[in-house]
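Peer 1: Just so it is clear, I am handing over query.txt, which has compact mmCIF, C-alpha atoms.
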```txt
# COMPACT_ATOMS: atom_id res chain seq x y z
CA MET A 1 -30.71 -72.64 -24.75
CA ASN A 2 -28.91 -75.52 -23.10
CA MET A 3 -27.10 -75.64 -19.77
CA GLU A 4 -23.83 -74.79 -21.42
CA ASP A 5 -25.25 -71.59 -22.95
CA LEU A 6 -26.92 -70.59 -19.74
CA TYR A 7 -23.70 -71.12 -17.78
CA ARG A 8 -21.79 -69.00 -20.31
CA LEU A 9 -24.37 -66.23 -20.09
CA LEU A 10 -24.30 -66.17 -16.30
CA ARG A 11 -20.52 -66.27 -16.33
CA THR A 12 -20.38 -63.38 -18.77
CA GLY A 13 -22.79 -61.51 -16.59
CA HIS A 14 -20.68 -62.17 -13.56
CA ILE A 15 -17.48 -61.07 -15.25
CA GLN A 16 -19.25 -57.98 -16.49
CA ALA A 17 -20.53 -57.17 -13.03
CA GLN A 18 -17.09 -57.68 -11.50
CA GLY A 19 -15.65 -55.47 -14.22
CA ILE A 20 -18.12 -52.73 -13.40
CA VAL A 21 -17.41 -52.97 -9.70
CA ASP A 22 -13.67 -52.78 -10.32
CA THR A 23 -13.99 -49.85 -12.68
CA VAL A 24 -15.44 -47.68 -9.95
CA ALA A 25 -12.58 -45.55 -8.67
CA ASP A 26 -13.98 -45.38 -5.16
CA PRO A 27 -14.20 -48.19 -2.67
CA MET A 28 -17.46 -50.06 -3.24
CA LEU A 29 -19.17 -53.01 -1.63
CA VAL A 30 -21.96 -55.18 -2.88
CA LEU A 31 -23.91 -56.52 0.09
CA ASP A 32 -26.57 -59.17 0.16
CA ALA A 33 -29.80 -58.86 2.11
CA SER A 34 -28.10 -60.05 5.30
CA LEU A 35 -25.34 -57.43 4.85
CA CYS A 36 -22.66 -59.95 3.94
CA VAL A 37 -20.14 -58.78 1.37
CA GLN A 38 -20.82 -60.38 -2.00
CA ASN A 39 -18.27 -58.38 -3.87
CA ALA A 40 -15.90 -55.49 -3.38
CA SER A 41 -14.11 -53.13 -5.73
CA ARG A 42 -10.36 -53.17 -6.10
CA ALA A 43 -10.29 -49.67 -4.60
CA PHE A 44 -11.90 -51.02 -1.43
CA PHE A 45 -9.06 -53.47 -0.88
CA GLU A 46 -6.45 -50.86 -1.63
CA THR A 47 -7.92 -48.08 0.47
CA PHE A 48 -8.62 -50.15 3.57
CA LYS A 49 -5.62 -52.42 3.15
CA VAL A 50 -7.55 -55.68 3.30
CA ASP A 51 -7.55 -58.69 1.00
CA ARG A 52 -10.28 -60.57 -0.81
CA GLU A 53 -10.28 -63.59 1.52
CA GLU A 54 -11.00 -61.64 4.66
CA THR A 55 -13.70 -59.59 2.96
CA ILE A 56 -15.88 -61.54 0.57
CA GLY A 57 -18.57 -63.58 2.29
CA HIS A 58 -18.17 -61.86 5.64
CA PRO A 59 -20.76 -59.64 7.33
CA ILE A 60 -19.83 -55.96 6.92
CA TYR A 61 -19.73 -55.30 10.67
CA LYS A 62 -17.14 -58.06 11.18
CA LEU A 63 -14.74 -56.81 8.50
CA GLY A 64 -11.23 -55.81 9.60
CA ASN A 65 -11.72 -56.46 13.31
CA GLY A 66 -15.04 -54.65 13.33
CA GLN A 67 -13.73 -51.37 11.92
CA TRP A 68 -17.00 -50.98 10.02
CA ASP A 69 -19.13 -51.49 13.09
CA ILE A 70 -20.00 -47.81 13.21
CA PRO A 71 -23.22 -46.65 14.88
CA GLU A 72 -24.09 -44.23 12.07
CA LEU A 73 -23.54 -46.93 9.46
CA ARG A 74 -25.73 -49.37 11.39
CA ARG A 75 -28.41 -46.71 11.54
CA LEU A 76 -28.08 -46.05 7.83
CA LEU A 77 -28.28 -49.70 6.84
CA ALA A 78 -30.92 -50.76 9.33
CA ASP A 79 -33.27 -47.78 9.43
CA VAL A 80 -32.72 -45.47 6.52
CA ILE A 81 -32.02 -47.81 3.62
CA PRO A 82 -35.18 -49.95 3.93
CA LYS A 83 -37.31 -46.82 3.63
CA ALA A 84 -35.41 -45.03 0.85
CA THR A 85 -34.04 -46.89 -2.14
CA ALA A 86 -31.05 -44.58 -2.41
CA ILE A 87 -28.95 -42.55 -0.01
CA ILE A 88 -26.43 -40.14 -1.40
CA ASN A 89 -23.38 -38.77 0.43
CA PHE A 90 -24.29 -39.76 3.96
CA GLU A 91 -21.48 -38.39 6.09
CA VAL A 92 -19.76 -40.66 8.60
CA GLU A 93 -16.82 -39.70 10.77
CA HIS A 94 -14.84 -42.59 12.10
CA THR A 95 -11.36 -43.61 13.16
CA PHE A 96 -10.08 -46.46 11.01
CA PRO A 97 -7.12 -48.39 12.46
CA ALA A 98 -5.10 -48.17 9.24
CA LEU A 99 -6.16 -44.67 8.17
CA GLY A 100 -6.82 -42.65 11.28
CA ARG A 101 -9.76 -40.31 11.66
CA ARG A 102 -11.57 -39.93 8.34
CA THR A 103 -14.73 -38.37 7.02
CA MET A 104 -16.45 -40.81 4.65
CA LEU A 105 -19.33 -40.09 2.34
CA LEU A 106 -21.51 -43.16 1.92
CA THR A 107 -23.78 -43.61 -1.03
CA ALA A 108 -26.08 -46.61 -0.96
CA ARG A 109 -28.54 -48.01 -3.46
CA THR A 110 -30.80 -51.03 -3.14
CA LEU A 111 -31.17 -53.32 -6.12
CA PHE A 112 -34.30 -55.47 -6.06
CA HIS A 113 -34.10 -58.80 -7.79
CA PRO A 114 -36.79 -59.66 -10.33
CA ASP A 115 -38.00 -62.53 -8.12
CA GLY A 116 -38.84 -59.89 -5.55
CA ALA A 117 -37.75 -62.01 -2.65
CA SER A 118 -34.21 -60.73 -2.16
CA HIS A 119 -32.21 -57.60 -2.73
CA THR A 120 -28.65 -56.44 -3.07
CA LEU A 121 -27.14 -53.29 -1.66
CA LEU A 122 -24.50 -51.24 -3.43
CA LEU A 123 -22.47 -49.20 -1.02
CA SER A 124 -19.81 -46.78 -2.19
CA ILE A 125 -17.45 -45.15 0.26
CA VAL A 126 -15.73 -41.90 -0.68
CA ASP A 127 -12.99 -40.63 1.58
CA ALA A 128 -13.74 -36.91 1.74
CA THR A 129 -11.27 -36.16 4.52
CA ASP A 130 -8.67 -34.46 2.34
CA ARG A 131 -11.30 -32.60 0.36
CA TYR A 132 -12.91 -31.34 3.57
CA ARG A 133 -9.51 -30.28 4.88
CA ARG A 134 -8.72 -28.48 1.65
CA ASP A 135 -12.12 -26.78 1.68
CA MET A 136 -11.59 -25.68 5.25
CA ALA A 137 -8.12 -24.36 4.52
CA LYS A 138 -9.53 -22.51 1.51
CA ASP A 139 -12.34 -21.00 3.57
CA MET A 140 -9.84 -19.86 6.16
CA LEU A 141 -7.61 -18.36 3.52
CA PHE A 142 -10.54 -16.48 1.99
CA GLY A 143 -11.57 -15.22 5.41
CA GLU A 144 -8.04 -14.10 6.13
CA LEU A 145 -7.76 -12.33 2.77
CA ARG A 146 -11.05 -10.59 3.27
CA HIS A 147 -10.04 -9.47 6.72
CA ARG A 148 -6.70 -8.24 5.50
CA MET A 149 -8.30 -6.34 2.64
CA LYS A 150 -10.79 -4.62 4.93
CA ASN A 151 -8.00 -3.60 7.26
CA LEU A 152 -5.96 -2.23 4.43
CA LEU A 153 -8.94 -0.23 3.18
CA SER A 154 -9.44 1.14 6.69
CA VAL A 155 -5.84 2.31 6.79
CA VAL A 156 -6.17 3.91 3.36
CA LYS A 157 -9.34 5.69 4.43
CA ALA A 158 -7.69 6.86 7.65
CA ILE A 159 -4.64 8.17 5.78
CA ALA A 160 -6.87 10.01 3.31
CA HIS A 161 -8.64 11.60 6.27
CA GLN A 162 -5.50 12.49 8.11
CA THR A 163 -3.61 13.92 5.17
CA THR A 164 -4.46 17.53 5.79
CA THR A 165 -6.06 19.80 3.22
CA GLN A 166 -4.96 22.92 5.07
CA ASP A 167 -2.84 25.33 2.97
CA ARG A 168 -2.77 22.82 0.15
CA SER A 169 -4.13 22.93 -3.34
CA ALA A 170 -6.15 19.92 -4.42
CA LYS A 171 -3.20 18.76 -6.49
CA GLU A 172 -0.83 19.05 -3.55
CA TYR A 173 -3.21 17.09 -1.37
CA ARG A 174 -3.52 14.42 -4.03
CA ASP A 175 0.25 14.11 -4.42
CA VAL A 176 0.87 13.79 -0.69
CA PHE A 177 -1.93 11.26 -0.31
CA LEU A 178 -0.81 9.22 -3.30
CA GLY A 179 2.76 9.20 -2.00
CA ARG A 180 1.59 7.59 1.23
CA PHE A 181 -0.75 5.32 -0.68
CA SER A 182 2.13 4.11 -2.87
CA ALA A 183 4.20 3.33 0.22
CA LEU A 184 1.30 1.21 1.46
CA ILE A 185 1.09 -0.62 -1.86
CA GLU A 186 4.84 -1.34 -1.81
CA ALA A 187 4.48 -2.61 1.73
CA GLN A 188 1.65 -4.96 0.74
CA GLU A 189 3.67 -6.24 -2.18
CA LEU A 190 6.60 -6.91 0.11
CA ALA A 191 4.65 -8.35 3.00
CA TYR A 192 2.53 -10.79 1.03
CA ALA A 193 4.62 -11.60 -2.02
CA GLU A 194 5.08 -15.30 -2.54
CA GLN A 195 8.79 -15.34 -2.13
CA ASP A 196 11.49 -15.48 0.44
CA GLU A 197 11.58 -13.45 3.59
CA VAL A 198 11.78 -9.67 3.61
CA GLY A 199 14.74 -8.19 5.41
CA VAL A 200 15.52 -4.59 6.31
CA ASP A 201 17.79 -4.20 3.28
CA ARG A 202 15.07 -5.22 0.85
CA LEU A 203 12.54 -2.92 2.47
CA LEU A 204 14.98 0.02 2.39
CA ASN A 205 15.91 -0.64 -1.21
CA ILE A 206 12.35 -0.76 -2.42
CA ILE A 207 10.95 2.17 -0.46
CA LEU A 208 13.95 4.43 -1.07
CA ALA A 209 14.56 3.52 -4.72
CA PRO A 210 12.45 6.42 -6.10
CA TYR A 211 14.63 8.90 -4.17
CA ALA A 212 18.00 7.63 -5.36
CA ASP A 213 18.38 9.68 -8.55
CA LYS A 214 22.09 9.04 -8.31
CA PRO A 215 23.51 5.97 -6.55
CA GLU A 216 25.33 8.16 -4.01
CA ALA A 217 22.16 10.05 -3.01
CA VAL A 218 20.90 7.18 -0.88
CA VAL A 219 23.46 4.89 0.73
CA ILE A 220 22.18 1.79 2.44
CA GLU A 221 24.83 0.39 4.74
CA PRO A 222 24.88 -3.38 4.91
CA GLY A 223 23.59 -4.83 8.16
CA GLU A 224 22.47 -8.05 9.73
CA ALA A 225 19.87 -10.13 7.97
CA ILE A 226 16.64 -10.08 9.91
CA GLU A 227 13.16 -11.06 8.83
CA LEU A 228 10.33 -8.58 9.19
CA GLY A 229 6.68 -9.48 9.72
CA PRO A 230 3.82 -7.92 7.69
CA HIS A 231 2.88 -5.54 10.50
CA MET A 232 6.42 -4.21 10.81
CA ILE A 233 6.81 -3.94 7.03
CA MET A 234 3.70 -1.78 6.71
CA SER A 235 4.57 0.58 9.52
CA LEU A 236 8.24 0.89 8.56
CA SER A 237 7.35 1.51 4.91
CA LEU A 238 5.18 4.47 5.86
CA VAL A 239 7.84 5.83 8.21
CA LEU A 240 10.61 5.50 5.62
CA HIS A 241 8.36 7.12 3.05
CA GLU A 242 7.81 10.13 5.36
CA LEU A 243 11.53 10.41 6.08
CA ALA A 244 12.35 10.27 2.38
CA THR A 245 9.70 12.77 1.26
CA ASN A 246 10.77 15.16 4.02
CA ALA A 247 14.38 14.82 2.88
CA ALA A 248 13.38 15.41 -0.72
CA LYS A 249 11.35 18.48 0.19
CA TYR A 250 13.43 20.20 2.85
CA GLY A 251 16.47 18.06 3.61
CA ALA A 252 19.52 16.52 2.02
CA LEU A 253 17.69 15.11 -0.99
CA SER A 254 16.44 18.59 -1.96
CA VAL A 255 19.88 19.48 -3.37
CA PRO A 256 22.14 17.56 -5.80
CA SER A 257 25.04 17.36 -3.33
CA GLY A 258 22.97 15.89 -0.50
CA GLN A 259 23.11 12.36 0.79
CA VAL A 260 21.15 10.07 3.10
CA ARG A 261 22.90 7.17 4.83
CA VAL A 262 20.69 4.50 6.31
CA GLY A 263 22.03 1.71 8.50
CA TRP A 264 20.70 -0.73 11.04
CA GLN A 265 21.82 -3.02 13.83
CA VAL A 266 20.22 -5.83 15.72
CA GLU A 267 20.88 -5.45 19.44
CA ASP A 268 20.37 -7.07 22.82
CA ALA A 269 20.32 -10.68 21.72
CA ASN A 270 18.13 -10.05 18.68
CA SER A 271 15.50 -8.28 20.74
CA LYS A 272 15.87 -4.80 19.26
CA LEU A 273 16.28 -3.24 15.87
CA ARG A 274 18.08 0.10 15.71
CA LEU A 275 17.67 2.03 12.47
CA LYS A 276 19.71 5.14 11.74
CA TRP A 277 18.84 7.77 9.15
CA VAL A 278 21.57 10.37 8.67
CA GLU A 279 21.34 13.23 6.19
CA SER A 280 24.31 15.30 5.05
CA GLY A 281 25.25 17.85 2.39
CA GLY A 282 21.82 19.44 2.40
CA PRO A 283 20.75 22.98 3.22
CA PRO A 284 21.32 24.10 6.84
CA VAL A 285 18.81 22.43 9.14
CA SER A 286 16.66 24.17 11.70
CA ARG A 287 13.98 22.74 13.92
CA PRO A 288 10.53 23.57 12.57
CA ALA A 289 8.41 25.72 14.87
CA VAL A 290 5.59 23.20 14.78
CA ALA A 291 6.12 19.48 14.21
CA GLY A 292 4.54 18.65 10.87
CA TYR A 293 2.15 15.80 10.36
CA GLY A 294 4.95 13.82 8.73
CA SER A 295 7.08 13.78 11.85
CA GLN A 296 4.03 13.16 14.03
CA LEU A 297 3.21 10.23 11.81
CA ILE A 298 6.71 8.86 12.24
CA ARG A 299 6.59 9.14 16.03
CA SER A 300 3.11 7.74 16.39
CA THR A 301 3.62 4.86 14.00
CA ILE A 302 6.79 3.79 15.76
CA ALA A 303 5.40 4.27 19.28
CA TYR A 304 1.84 3.11 18.79
CA ASN A 305 2.16 0.40 16.16
CA LEU A 306 5.62 -0.94 16.89
CA HIS A 307 6.05 -0.02 20.57
CA GLY A 308 9.37 1.55 19.72
CA GLU A 309 11.09 4.89 20.21
CA VAL A 310 12.18 7.66 17.90
CA GLU A 311 14.82 10.30 18.39
CA GLN A 312 15.03 13.11 15.91
CA ASP A 313 18.00 15.43 15.87
CA TYR A 314 17.84 18.63 13.84
CA ALA A 315 21.66 18.93 13.67
CA VAL A 316 22.65 21.91 11.58
CA ASP A 317 24.74 19.82 9.16
CA GLY A 318 22.06 17.23 8.60
CA PHE A 319 18.83 15.90 10.04
CA ARG A 320 19.08 12.58 11.86
CA THR A 321 16.56 10.07 13.04
CA GLU A 322 17.20 7.06 15.17
CA ILE A 323 14.51 4.45 15.64
CA VAL A 324 14.59 1.57 18.11
CA ILE A 325 11.97 -1.13 17.75
CA PRO A 326 11.52 -4.21 19.93
CA LEU A 327 11.56 -7.43 17.92
CA GLY A 328 8.92 -9.55 19.58
CA THR A 329 7.06 -12.42 18.05
CA ALA A 330 5.60 -11.11 14.84
CA PRO A 331 1.93 -10.26 15.28
CA SER A 332 -0.56 -11.15 12.60
CA SER A 333 -2.14 -8.38 10.59
CA SER A 334 -4.96 -7.10 12.68
CA MET B 114 -20.68 16.84 30.34
CA PRO B 115 -19.69 15.16 27.09
CA GLU B 116 -19.98 11.41 26.98
CA THR B 117 -16.72 9.50 27.09
CA VAL B 118 -15.66 6.70 24.79
CA LEU B 119 -12.71 4.37 25.17
CA ILE B 120 -11.08 3.40 21.87
CA VAL B 121 -9.06 0.19 21.68
CA GLU B 122 -7.44 -0.26 18.25
CA ASP B 123 -3.90 -1.37 17.56
CA GLU B 124 -3.44 0.30 14.18
CA PHE B 125 -2.49 3.92 14.74
CA PHE B 126 -4.08 5.35 11.61
CA ILE B 127 -7.40 3.68 12.23
CA ALA B 128 -7.33 4.65 15.90
CA MET B 129 -6.69 8.28 14.95
CA ASP B 130 -9.47 8.15 12.40
CA LEU B 131 -11.95 6.90 14.99
CA GLN B 132 -10.77 9.46 17.51
CA LEU B 133 -11.18 12.39 15.11
CA MET B 134 -14.57 11.08 14.03
CA LEU B 135 -15.85 10.82 17.59
CA GLU B 136 -14.35 14.10 18.74
CA GLY B 137 -16.13 15.70 15.79
CA TYR B 138 -19.38 14.60 17.41
CA GLY B 139 -18.41 16.10 20.74
CA TRP B 140 -17.34 12.90 22.48
CA ARG B 141 -14.41 12.85 24.87
CA VAL B 142 -12.04 10.09 23.84
CA MET B 143 -10.15 7.90 26.29
CA GLY B 144 -7.06 6.49 24.62
CA PRO B 145 -6.81 5.42 21.95
CA VAL B 146 -4.85 2.42 23.21
CA GLY B 147 -3.58 -0.54 21.22
CA THR B 148 -3.05 -3.21 23.87
CA VAL B 149 -5.13 -5.00 26.48
CA LYS B 150 -2.70 -3.90 29.17
CA ASP B 151 -3.00 -0.20 28.32
CA ALA B 152 -6.78 -0.48 28.08
CA LEU B 153 -7.08 -2.10 31.50
CA LEU B 154 -4.75 0.52 33.01
CA LEU B 155 -6.96 3.30 31.66
CA LEU B 156 -10.11 1.58 32.87
CA GLU B 157 -8.73 1.42 36.40
CA THR B 158 -8.65 5.21 36.52
CA GLU B 159 -11.99 5.89 34.85
CA LEU B 160 -14.93 4.06 33.34
CA PRO B 161 -16.19 5.53 30.05
CA SER B 162 -19.84 5.83 29.04
CA VAL B 163 -19.14 3.38 26.25
CA ALA B 164 -16.23 1.65 24.52
CA LEU B 165 -15.30 0.90 20.93
CA LEU B 166 -13.13 -2.18 20.47
CA ASP B 167 -11.09 -3.70 17.70
CA VAL B 168 -11.17 -7.50 18.10
CA ASN B 169 -7.74 -8.60 16.90
CA LEU B 170 -5.02 -6.45 18.44
CA GLY B 171 -2.24 -8.10 16.47
CA ARG B 172 -0.51 -9.99 19.24
CA GLU B 173 -3.63 -10.54 21.33
CA LEU B 174 -7.41 -10.48 21.34
CA VAL B 175 -9.43 -7.74 22.97
CA THR B 176 -11.46 -10.26 25.00
CA PRO B 177 -10.13 -9.40 28.50
CA VAL B 178 -11.10 -5.76 27.93
CA ALA B 179 -14.60 -6.77 26.84
CA GLU B 180 -14.94 -8.97 29.91
CA TYR B 181 -13.81 -6.16 32.20
CA LEU B 182 -16.29 -3.75 30.60
CA LYS B 183 -19.09 -6.27 30.90
CA ALA B 184 -18.30 -6.87 34.55
CA HIS B 185 -18.47 -3.11 35.16
CA ASP B 186 -21.67 -2.59 33.15
CA VAL B 187 -19.98 -0.46 30.49
CA PRO B 188 -21.65 -1.05 27.12
CA PHE B 189 -19.39 -1.54 24.12
CA ALA B 190 -19.39 -1.88 20.35
CA VAL B 191 -16.79 -3.50 18.14
CA ALA B 192 -15.24 -2.11 14.98
CA THR B 193 -13.94 -5.18 13.22
CA ALA B 194 -13.69 -6.73 9.79
CA TYR B 195 -14.88 -10.06 11.20
CA ASP B 196 -18.47 -10.98 10.39
CA ARG B 197 -18.84 -12.97 13.61
CA PRO B 198 -16.49 -11.41 16.16
CA GLU B 199 -17.50 -13.99 18.80
CA GLN B 200 -15.83 -16.70 16.69
CA TYR B 201 -12.52 -15.01 17.38
CA GLY B 202 -12.97 -13.05 20.55
CA GLY B 203 -15.28 -15.39 22.45
CA GLU B 204 -18.86 -15.34 23.71
CA VAL B 205 -18.49 -11.96 25.40
CA LEU B 206 -18.64 -10.41 21.90
CA ALA B 207 -21.80 -12.22 20.80
CA GLY B 208 -24.58 -9.86 19.83
CA VAL B 209 -22.45 -6.75 20.29
CA PRO B 210 -23.08 -4.03 17.67
CA ASN B 211 -20.36 -3.95 15.00
CA ALA B 212 -19.52 -0.58 13.48
CA GLY B 213 -17.58 -2.45 10.77
CA LYS B 214 -14.20 -1.96 9.21
CA PRO B 215 -13.64 0.28 7.37
CA THR B 216 -15.89 2.05 9.85
CA ASP B 217 -18.80 3.97 8.45
CA GLU B 218 -19.38 7.14 10.43
CA ARG B 219 -23.14 6.86 10.54
CA ARG B 220 -23.08 3.22 11.46
CA LEU B 221 -20.62 3.96 14.24
CA MET B 222 -22.66 6.83 15.66
CA ALA B 223 -25.87 4.80 15.46
CA ALA B 224 -24.22 1.97 17.39
CA LEU B 225 -22.93 4.26 20.12
CA MET B 226 -26.23 6.12 20.43
CA GLN B 227 -28.03 2.82 20.77
CA LEU B 228 -25.66 1.74 23.54
CA THR B 229 -25.78 4.97 25.52
CA GLY B 230 -29.40 5.81 24.84
CA ARG B 231 -28.35 9.26 23.81
```
Would you write the structure of this file as structure tokens?
Peer 2:
Amino acid sequence: MNMEDLYRLLRTGHIQAQGIVDTVADPMLVLDASLCVQNASRAFFETFKVDREETIGHPIYKLGNGQWDIPELRRLLADVIPKATAIINFEVEHTFPALGRRTMLLTARTLFHPDGASHTLLLSIVDATDRYRRDMAKDMLFGELRHRMKNLLSVVKAIAHQTTTQDRSAKEYRDVFLGRFSALIEAQELAYAEQDEVGVDRLLNIILAPYADKPEAVVIEPGEAIELGPHMIMSLSLVLHELATNAAKYGALSVPSGQVRVGWQVEDANSKLRLKWVESGGPPVSRPAVAGYGSQLIRSTIAYNLHGEVEQDYAVDGFRTEIVIPLGTAPSSS
Amino acid sequence: MPETVLIVEDEFFIAMDLQLMLEGYGWRVMGPVGTVKDALLLLETELPSVALLDVNLGRELVTPVAEYLKAHDVPFAVATAYDRPEQYGGEVLAGVPNAGKPTDERRLMAALMQLTGR
């Protein structure tokens, strides 16, 4: 082999090495024994917005106005690397002038030269900031889902408990429970569906749809558009369900000629929602001797969950309910 | 004299469920209440033997109630879906027995017995 051949071989080797370094998708540095940059991958220049001239041949701690002079990195290169030939995913948090605060995963490997006297250090730098953020957001979402699910199960359990078995056959109990359960399911669908906001009209339409055998049986009067939070949707769904089942059992919806008109207004500078439920054309109304669980449920849900008020009027020509709910900042599901 | 328990839970159905459960065991229930304000108002009139707290009350956290109870030496348990309530409600909830959510009756009674030494 003559000089020419040797030169060609070394050159090929060099081009090959450069090719390998550039193929790596992550920023990578090749450092010599004194921690000067021998080579850098294309991704390094792109990620840290530096050029070849200011990088190659310079000590790593002096690069880009000393942005790599990081205590953890110094510790890694000075203390850890000499003892272990490879370090994988060493986490470093640092504020880079061009990138802001980032979490970098450093992987380093020492390459010993055959002559044994010197060594080279390969250092790859993976920006894990976005991945960490995504992971954290995912963890939070899972936590939130889990929490929401447990709450929903608690409500289901409580409703199963509180739906009385007194004077009811097992089938009757099941039907009453499942009616309430279905209202809860509808509410969940509405509250957490991945689409636009839920207004009063949409809630009324969905919860009351099963009771509108004929279009004139349930009339929903158009009102102001107003967005409802998940908490409000759940409570109102259950209340509307109770009103509708009561109407279907004893009130206007128990006869073909009966009708329910539902309307709402937003009052006092958007601070209150007033919902009116007016039945007509049904059998004559009389106040029940004892308030049933359904009407207790309506009162308690509105008062306790929504801090609102309910007025129920057993007018002889049709039962009426008026509900006023304060519209505060929407609370999260609890 | 039956022992008294304060229930703080913002969801009506769950609050009722806890109340009925505890009354079934002969406890006298204070509340239930669903806000910090209502809980503190009740506590000004009477201190219970023990309290059962939900952590997230929708618009607010139960923390001020827990702090008030602690300052007045009233033991309390939480009934929450959170695994580590202190992450949400602060240090005052660290190490407090959690009856869980949905709340298991036996787990709830065991927690309250442990707190009251009954």
Peer 1: May I have a table of the residues of chain B lying at most 12 Å from chain A, giving each one's closest pair of atoms and their distance in Å to one decimal, counting all atoms listed in the file, ordered by chain and ascending residue number, as CSV?
Peer 2:
```
residue,atom,partner,partner_atom,distance
B:Val121,CA,A:Tyr304,CA,11.6
B:Glu122,CA,A:Ser334,CA,9.2
B:Asp123,CA,A:Asn305,CA,6.5
B:Glu124,CA,A:Asn305,CA,5.9
B:Phe125,CA,A:Tyr304,CA,6.0
B:Phe126,CA,A:Ala158,CA,5.6
B:Ile127,CA,A:Ala158,CA,5.6
B:Ala128,CA,A:Ala158,CA,8.5
B:Met129,CA,A:Ala158,CA,7.5
B:Asp130,CA,A:Ala158,CA,5.2
B:Leu131,CA,A:Ala158,CA,8.5
B:Gln132,CA,A:Ala158,CA,10.7
B:Leu133,CA,A:Gln162,CA,9.0
B:Met134,CA,A:His161,CA,9.8
B:Gly144,CA,A:Tyr304,CA,11.2
B:Pro145,CA,A:Tyr304,CA,9.5
B:Val146,CA,A:Tyr304,CA,8.0
B:Gly147,CA,A:Tyr304,CA,7.0
B:Thr148,CA,A:Tyr304,CA,9.5
B:Asp151,CA,A:Tyr304,CA,11.2
B:Asp167,CA,A:Ser334,CA,8.6
B:Val168,CA,A:Ser334,CA,8.3
B:Asn169,CA,A:Ser334,CA,5.3
B:Leu170,CA,A:Ser334,CA,5.8
B:Gly171,CA,A:Ser334,CA,4.8
B:Arg172,CA,A:Pro331,CA,4.7
B:Glu173,CA,A:Pro331,CA,8.2
B:Leu174,CA,A:Ser334,CA,9.6
B:Val175,CA,A:Ser334,CA,11.2
B:Ala192,CA,A:Ser154,CA,10.6
B:Thr193,CA,A:Asn151,CA,8.6
B:Ala194,CA,A:His147,CA,5.5
B:Tyr195,CA,A:His147,CA,6.6
B:Asp196,CA,A:His147,CA,9.3
B:Arg197,CA,A:Gly143,CA,11.2
B:Pro198,CA,A:His147,CA,11.6
B:Tyr201,CA,A:Ser334,CA,11.9
B:Gly213,CA,A:Lys150,CA,9.2
B:Lys214,CA,A:Lys150,CA,6.1
B:Pro215,CA,A:Ser154,CA,4.3
B:Thr216,CA,A:Ser154,CA,7.2
B:Asp217,CA,A:Ser154,CA,9.9
B:Glu218,CA,A:Lys157,CA,11.8
```
Peer 1: When you count all atoms listed in the file, which of these residues is closest to Gly318 (chain A): A:Pro114, A:Pro284, A:Pro97, A:Pro82?
Peer 2: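 That would be A:Pro284, the residue with the smallest distance to Gly318 (chain A).
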Peer 1: Name all residues at most 9 Å from Leu156 (chain B) (count only C-alpha atoms; drop same-chain ones fewer than 5 positions away) and give them as an mmCIF file with C-alpha atoms, in the coordinates of the input.
Peer 2:
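Output saved as out-v8.cif:
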```
data_model
loop_
_atom_site.group_PDB
_atom_site.id
_atom_site.type_symbol
_atom_site.label_atom_id
_atom_site.label_comp_id
_atom_site.auth_asym_id
_atom_site.auth_seq_id
_atom_site.Cartn_x
_atom_site.Cartn_y
_atom_site.Cartn_z
ATOM 1 C CA LEU B 119 -12.710 4.370 25.170
ATOM 2 C CA ASP B 151 -3.000 -0.200 28.320
ATOM 3 C CA PRO B 161 -16.190 5.530 30.050
ATOM 4 C CA VAL B 178 -11.100 -5.760 27.930
ATOM 5 C CA TYR B 181 -13.810 -6.160 32.200
ATOM 6 C CA LEU B 182 -16.290 -3.750 30.600
#
```
Peer 1: Go ahead and compute the interatomic distance for CA of Tyr173 (chain A) and CA of Gly137 (chain B), in Å to one decimal.
Peer 2: 21.5 Å
Peer 1: Expressed in Å to a single decimal, how great is the separation between CA of Asp175 (chain A) and CA of Glu322 (chain A)?
Peer 2: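 Atom-to-atom, CA of Asp175 (chain A) to CA of Glu322 (chain A), that is 26.8 Å.
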Peer 1: If I wrap all listed atoms of region 116-124 of chain B in a box with edges along x, y and z and add 8 Å on each side, what are its centre and edge lengths in Å to one decimal, as AutoDock Vina command-line options?
Peer 2:
```
--center_x -11.7 --center_y 5.0 --center_z 20.6 --size_x 32.5 --size_y 28.8 --size_z 28.9
```
